[in-house]
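Undergrad: The structure that follows is given in the form of structure tokens.
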Amino acid sequence: MKQNKILLTGFKKAFEGDTNSSKDLLDQISSHYDKFLFTNDYSTIIEEIDKLFAMKQYDYVIMFGQKPLIKRLSIELIGKQKTKTVETTFPLKKLTDILEKNHIDYKLSQNPGTSYCNFAYYHVLKYLEVREIKTKVVFIHIPYTKNFKQMKKVIDVMNSYNEGL
């Protein structure tokens with residue numbers, strides 16, 4: 001069976017002493033995935049996307065970001081920029097089956113927000129679409145670490161997951 005190349009992304013802390021649940025999550029996931037933390041800066045994110053995908057081709061990209069007011073995972077179906085949208089290319093049925101099997105609460109969302117998370121998601125999807133790269137991408141918002149009772153379940157699933165998507 002072919003081993004998929006999977007990239008996990010999150011975000012760096014915005015400033016010293018800040019928290020970022022996407023970084024906390026990636027720090028606790030095993031190293032059998034490639035990982036990347038985006039900078040909290042719009043112009044830098046564009047540069048990072050160019051460098052990231054110029055270096056290596058991935059089968060799947062799972063992007064994580066922190067969303068303060070939620071209590072469960074929020075799977076973003078679209079990235080937005082003003083009136084333009086780009087849909088996820090990820091096999092959502094497989095993802096939701098894994099979450100349900102492991103009793104991890106989630107919702108499907110068409111509200112990716114207006115900050116760095118949505119900006120990075122939209123531009124990754126657009127980058128791959130314009131270049132006709134077949135990488136499958138999804139963005140998952142996670143609650144603040146202190147509010148997310150299922151963080152350990154998500155970490156355990158990611159650390160034990162070795163099937164194809």
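Following the order of the structure tokens, chains are lettered A, B, ..., residues in each are numbered from 1, and ligands are numbered from 1.
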Could you name the residues that touch Lys107 (chain A) at 10 Å or less, counting only C-alpha atoms, but leaving out those on the same chain fewer than 5 positions away, as JSON, numbers by chain?
TA: {"A": [72, 73, 74, 75, 76, 96, 140, 141]}
Undergrad: Can those selected residues be exported to a file as a PDB file, in the first residue's frame so that it contains N, CA and C atoms?
TA:
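The resulting file, again19.pdb, is shown below:
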ATOM      1  N   ARG A  72     -15.801  22.520  19.874  1.00  0.00           N
ATOM      2  CA  ARG A  72     -15.552  21.283  19.115  1.00  0.00           C
ATOM      3  C   ARG A  72     -14.826  21.643  17.830  1.00  0.00           C
ATOM      4  N   LEU A  73     -14.361  20.648  17.109  1.00  0.00           N
ATOM      5  CA  LEU A  73     -13.692  20.899  15.832  1.00  0.00           C
ATOM      6  C   LEU A  73     -14.667  21.544  14.856  1.00  0.00           C
ATOM      7  N   SER A  74     -14.151  22.416  14.034  1.00  0.00           N
ATOM      8  CA  SER A  74     -14.940  23.055  12.990  1.00  0.00           C
ATOM      9  C   SER A  74     -14.225  22.824  11.662  1.00  0.00           C
ATOM     10  N   ILE A  75     -14.784  21.933  10.852  1.00  0.00           N
ATOM     11  CA  ILE A  75     -14.183  21.587   9.559  1.00  0.00           C
ATOM     12  C   ILE A  75     -14.664  22.606   8.535  1.00  0.00           C
ATOM     13  N   GLU A  76     -13.726  23.381   8.021  1.00  0.00           N
ATOM     14  CA  GLU A  76     -14.066  24.467   7.102  1.00  0.00           C
ATOM     15  C   GLU A  76     -14.186  23.929   5.675  1.00  0.00           C
ATOM     16  N   THR A  96     -14.763  12.508   8.375  1.00  0.00           N
ATOM     17  CA  THR A  96     -15.855  12.489   9.356  1.00  0.00           C
ATOM     18  C   THR A  96     -16.078  11.076   9.913  1.00  0.00           C
ATOM     19  N   ILE A 140      -9.111  22.774   9.653  1.00  0.00           N
ATOM     20  CA  ILE A 140      -9.888  22.428  10.834  1.00  0.00           C
ATOM     21  C   ILE A 140      -9.566  23.432  11.935  1.00  0.00           C
ATOM     22  N   HIS A 141     -10.592  24.164  12.352  1.00  0.00           N
ATOM     23  CA  HIS A 141     -10.437  25.045  13.508  1.00  0.00           C
ATOM     24  C   HIS A 141     -10.579  24.214  14.767  1.00  0.00           C
TER      25      HIS A 141
END
Undergrad: Might you pull out every residue within 9 Å of Thr85 (chain A), with only C-alpha atoms counted and same-chain residues fewer than 6 positions away left off, and present them as JSON, numbers by chain?
TA: {"A": [78, 79, 122]}
Undergrad: Region 60-62 of chain A: which residues within 7 Å, counting only C-alpha atoms, same-chain residues fewer than 4 positions away excluded, as a list in words?
TA: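 Listing them by chain and then by number gives Lys5, Ile6, Leu7, Leu8, Thr9, Thr135, Lys136, Val137, Val138 and Phe139 of chain A.
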Undergrad: Can you work out the spacing between CA of Leu108 (chain A) and CA of Lys56 (chain A) in Å, to one decimal?
TA: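 About the pair CA of Leu108 (chain A) and CA of Lys56 (chain A): they are 29.0 Å apart.
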Undergrad: Among the residues of chain A, find those DSSP assigns to strand (DSSP E) from the backbone and print them as a PyMOL selection string.
TA: chain A and resi 6-11+34-38+60-66+73-76+78-81+84-87+106-109+136-142
Undergrad: Write out, as JSON lines, each residue of region 50-86 of chain A that has an atom at most 9 Å from region 22-44 of chain A, together with the closest pair of atoms and their distance in Å to one decimal, counting only C-alpha atoms, rows going by chain and rising number.
TA:
{"residue": "A:Leu52", "atom": "CA", "partner": "A:Phe36", "partner_atom": "CA", "distance": 8.5}
{"residue": "A:Met63", "atom": "CA", "partner": "A:Ser22", "partner_atom": "CA", "distance": 8.7}
{"residue": "A:Phe64", "atom": "CA", "partner": "A:Ser22", "partner_atom": "CA", "distance": 5.4}
{"residue": "A:Gly65", "atom": "CA", "partner": "A:Ser22", "partner_atom": "CA", "distance": 5.1}
{"residue": "A:Gln66", "atom": "CA", "partner": "A:Ser22", "partner_atom": "CA", "distance": 5.8}
Undergrad: Within 9 Å of Gln81 (chain A), counting only C-alpha atoms, which residues qualify if same-chain residues fewer than 5 places away don't, as a ChimeraX atom specification?
TA: /A:86,114,118-119,122-123
